[in-house]
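Scroll down for the structure; my scribbles are underneath it.
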Amino acid sequence: MQMSGRNVNVNSVFYAEAYHPVQAGSIDGTDILPHDNAVYRAFLCSSAGLYDPLGDPKLIGDPYCTLFVGHLSHLTTEQSLRKALSKYGRVKDLRLVRHIVTGASRGYAFVEYETEREMQRAYKEAHHSFIDDSEVIVDYNRQQLMPGWIPRRLGGGLGGKKESGQLRFGGRERPFRAPLRSIPYDDLERLGIPPPPEGRYMSRYQVPSPPRRKRNSVDREEGIHKRSMERGANTRKSSPVEKEERSHKRSMDPEDHSFKRSSVETEHHRNRSSIDRAERSHKRTSRDRDDRSHKRHKSHRHERSTSHDHY
């Protein structure tokens, strides 16, 4: 099909980078009106700024190192979840969301890893894996990292089941489809709804990348300084025995031995040349001194003979 001068496959998909309740309720991101009461409620919360994504006191750790894990079995505990997700990296913290009254699992959790790289690995490999015989879904921490986020309990969220009648699109589990009709750009701009992209379409088999931390020059300098400090610490940790072993190994190395031998020969040749130059200089000095002495002696003898004749 043709869209904005580009050929776009009808099977292509795209993902939301910012959340808008009306767009999330649309299969292709082109709706301009809420199609159910939940979308309308989420739209009102978004317009009035009634939801604060950072106001939850139970939020854990670094959002760039934190995963959302959903579709968990109600039999899954913190211990079994930690064990299952530790295969992808070191789990720093974990919060299994439970019912405030009964204490039963709500079927989802937030898991923080030690590093962003470990979180990225779990994001790619743990999706649709099985934990306690339940196929789980994995996503990044949209609550803190996705602009405009509205949770499911307020009519927003992503995904959903067909039986609930509240399907949401634009996420990893249910992305937007390529638009099948002309895009109402003017209406979308008027309502503040993000328009569909014009060239960043993907196949369903490609893994969308989660947001990455923006690193400034200060972070880079700190990383370089940290690596240099670690190298210095590793150098200082070398024991005398290790140094002796390295020295012995270098002495046993034939290439290194030949290099040492050539260096010694070069130094010997250099010393020998300096000695020869000194000897030649000494001989020239002695010869010049003898010549000057001989000349003075002859001159003295000539003066004596001349003075004798005069008197």
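How things are named: the first chain in the structure tokens is A, the next is B, and so on; residues count from 1 in each chain; ligands count from 1 in the order shown.
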
Find the residues near Tyr40 in chain A: any atom within 12 Å, counting only C-alpha atoms, skip ones fewer than 2 places away on the same chain, and give them as JSON, numbers by chain. {"A": [20, 21, 22, 23, 24, 25, 32, 33, 34, 35, 36, 37, 38, 42, 43, 44, 45, 46, 47, 150, 154, 155, 156, 166]}

Considering only C-alpha atoms, return as a PyMOL selection string whatever protein or nucleic-acid residues lie within 12 Å of range 108-121 of chain A, sequence-local ones (same chain, fewer than 5 positions apart) excluded. chain A and resi 58-78+81-99+126-127+131+134+136-144+207-213

Expressed in Å, the length from CA of Gly192 in chain A to CA of Leu54 in chain A is 22.5 Å

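Residues of range 102-134 of chain A that DSSP places in alpha helix (DSSP H), based on the backbone of this structure, are Glu116, Arg117, Glu118, Met119, Gln120, Arg121, Ala122, Tyr123, Lys124 and Glu125 of chain A.
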
Could you pull out the strand (DSSP E) residues of range 24-185 of chain A from DSSP and send them as an NGL selection string? :A and (66-70 or 91-98 or 105-113 or 130-131 or 134-135 or 137-140 or 176-177)

Go ahead and write the residues just picked, N, CA and C atoms, as a CSV table (one decimal), in the first residue's frame.
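Output contents, as saved in again32.csv:
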```csv
chain,number,residue,atom,x,y,z
A,66,THR,N,15.0,-1.9,35.3
A,66,THR,CA,13.9,-2.5,35.8
A,66,THR,C,13.0,-3.1,34.7
A,67,LEU,N,12.5,-4.3,34.9
A,67,LEU,CA,11.6,-5.0,34.0
A,67,LEU,C,10.2,-5.1,34.6
A,68,PHE,N,9.2,-5.0,33.7
A,68,PHE,CA,7.8,-5.4,34.1
A,68,PHE,C,7.6,-6.9,33.7
A,69,VAL,N,7.1,-7.7,34.6
A,69,VAL,CA,6.9,-9.1,34.2
A,69,VAL,C,5.4,-9.4,34.5
A,70,GLY,N,4.6,-9.8,33.5
A,70,GLY,CA,3.2,-10.0,33.6
A,70,GLY,C,2.8,-11.4,33.3
A,91,VAL,N,19.9,-10.2,40.0
A,91,VAL,CA,18.7,-9.5,40.4
A,91,VAL,C,19.0,-8.7,41.6
A,92,LYS,N,18.9,-7.4,41.5
A,92,LYS,CA,19.2,-6.5,42.7
A,92,LYS,C,18.0,-6.3,43.6
A,93,ASP,N,16.8,-6.2,43.0
A,93,ASP,CA,15.6,-6.0,43.8
A,93,ASP,C,14.4,-6.6,43.1
A,94,LEU,N,13.3,-6.9,43.8
A,94,LEU,CA,12.2,-7.5,43.2
A,94,LEU,C,10.9,-7.2,44.0
A,95,ARG,N,9.8,-6.8,43.3
A,95,ARG,CA,8.6,-6.6,44.0
A,95,ARG,C,7.4,-7.3,43.2
A,96,LEU,N,6.9,-8.3,43.9
A,96,LEU,CA,5.7,-9.0,43.4
A,96,LEU,C,4.5,-8.3,43.9
A,97,VAL,N,3.7,-7.7,43.0
A,97,VAL,CA,2.5,-6.9,43.4
A,97,VAL,C,1.4,-7.8,43.9
A,98,ARG,N,1.0,-7.5,45.2
A,98,ARG,CA,-0.1,-8.4,45.8
A,98,ARG,C,-1.3,-7.5,46.2
A,105,SER,N,-1.2,-12.8,45.0
A,105,SER,CA,-0.5,-12.2,43.9
A,105,SER,C,-1.5,-11.6,42.9
A,106,ARG,N,-1.1,-10.4,42.3
A,106,ARG,CA,-1.9,-9.8,41.3
A,106,ARG,C,-1.5,-10.3,39.9
A,107,GLY,N,-0.5,-11.1,39.8
A,107,GLY,CA,0.0,-11.7,38.5
A,107,GLY,C,1.0,-10.9,37.8
A,108,TYR,N,1.6,-9.9,38.4
A,108,TYR,CA,2.7,-9.1,37.7
A,108,TYR,C,3.7,-8.6,38.8
A,109,ALA,N,4.9,-8.3,38.3
A,109,ALA,CA,6.0,-7.9,39.2
A,109,ALA,C,6.9,-7.0,38.5
A,110,PHE,N,7.8,-6.3,39.3
A,110,PHE,CA,8.8,-5.4,38.8
A,110,PHE,C,10.1,-6.0,39.3
A,111,VAL,N,11.1,-6.2,38.4
A,111,VAL,CA,12.4,-6.8,38.7
A,111,VAL,C,13.5,-5.8,38.3
A,112,GLU,N,14.3,-5.5,39.3
A,112,GLU,CA,15.5,-4.6,39.0
A,112,GLU,C,16.7,-5.4,38.9
A,113,TYR,N,17.5,-5.2,37.9
A,113,TYR,CA,18.8,-5.9,37.7
A,113,TYR,C,19.9,-4.9,38.1
A,130,PHE,N,8.5,-19.5,30.3
A,130,PHE,CA,7.5,-20.2,31.2
A,130,PHE,C,8.1,-20.1,32.7
A,131,ILE,N,7.3,-19.6,33.6
A,131,ILE,CA,7.6,-19.6,35.0
A,131,ILE,C,6.4,-20.3,35.7
A,134,SER,N,3.4,-21.1,33.5
A,134,SER,CA,2.7,-19.9,33.0
A,134,SER,C,3.6,-19.1,32.0
A,135,GLU,N,3.1,-18.9,30.8
A,135,GLU,CA,3.8,-18.1,29.8
A,135,GLU,C,3.8,-16.6,30.2
A,137,ILE,N,4.9,-12.5,30.0
A,137,ILE,CA,5.4,-11.4,29.1
A,137,ILE,C,6.3,-10.5,29.8
A,138,VAL,N,7.2,-9.9,29.1
A,138,VAL,CA,8.2,-9.0,29.7
A,138,VAL,C,8.2,-7.7,28.9
A,139,ASP,N,8.3,-6.6,29.6
A,139,ASP,CA,8.3,-5.3,29.0
A,139,ASP,C,9.2,-4.3,29.9
A,140,TYR,N,9.6,-3.2,29.3
A,140,TYR,CA,10.3,-2.2,30.1
A,140,TYR,C,9.4,-1.5,31.0
A,176,PHE,N,0.8,-1.5,17.1
A,176,PHE,CA,-0.1,-0.9,16.1
A,176,PHE,C,0.1,-1.6,14.7
A,177,ARG,N,-0.9,-1.7,13.9
A,177,ARG,CA,-0.8,-2.1,12.5
A,177,ARG,C,-0.5,-0.9,11.7
```

Smallest atom-to-atom distance to Glu173 in chain A: which of A:Tyr19, A:Tyr185, A:Tyr205, A:Trp149, using only C-alpha atoms?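 Of the candidates, the smallest distance to Glu173 in chain A is held by A:Tyr205.
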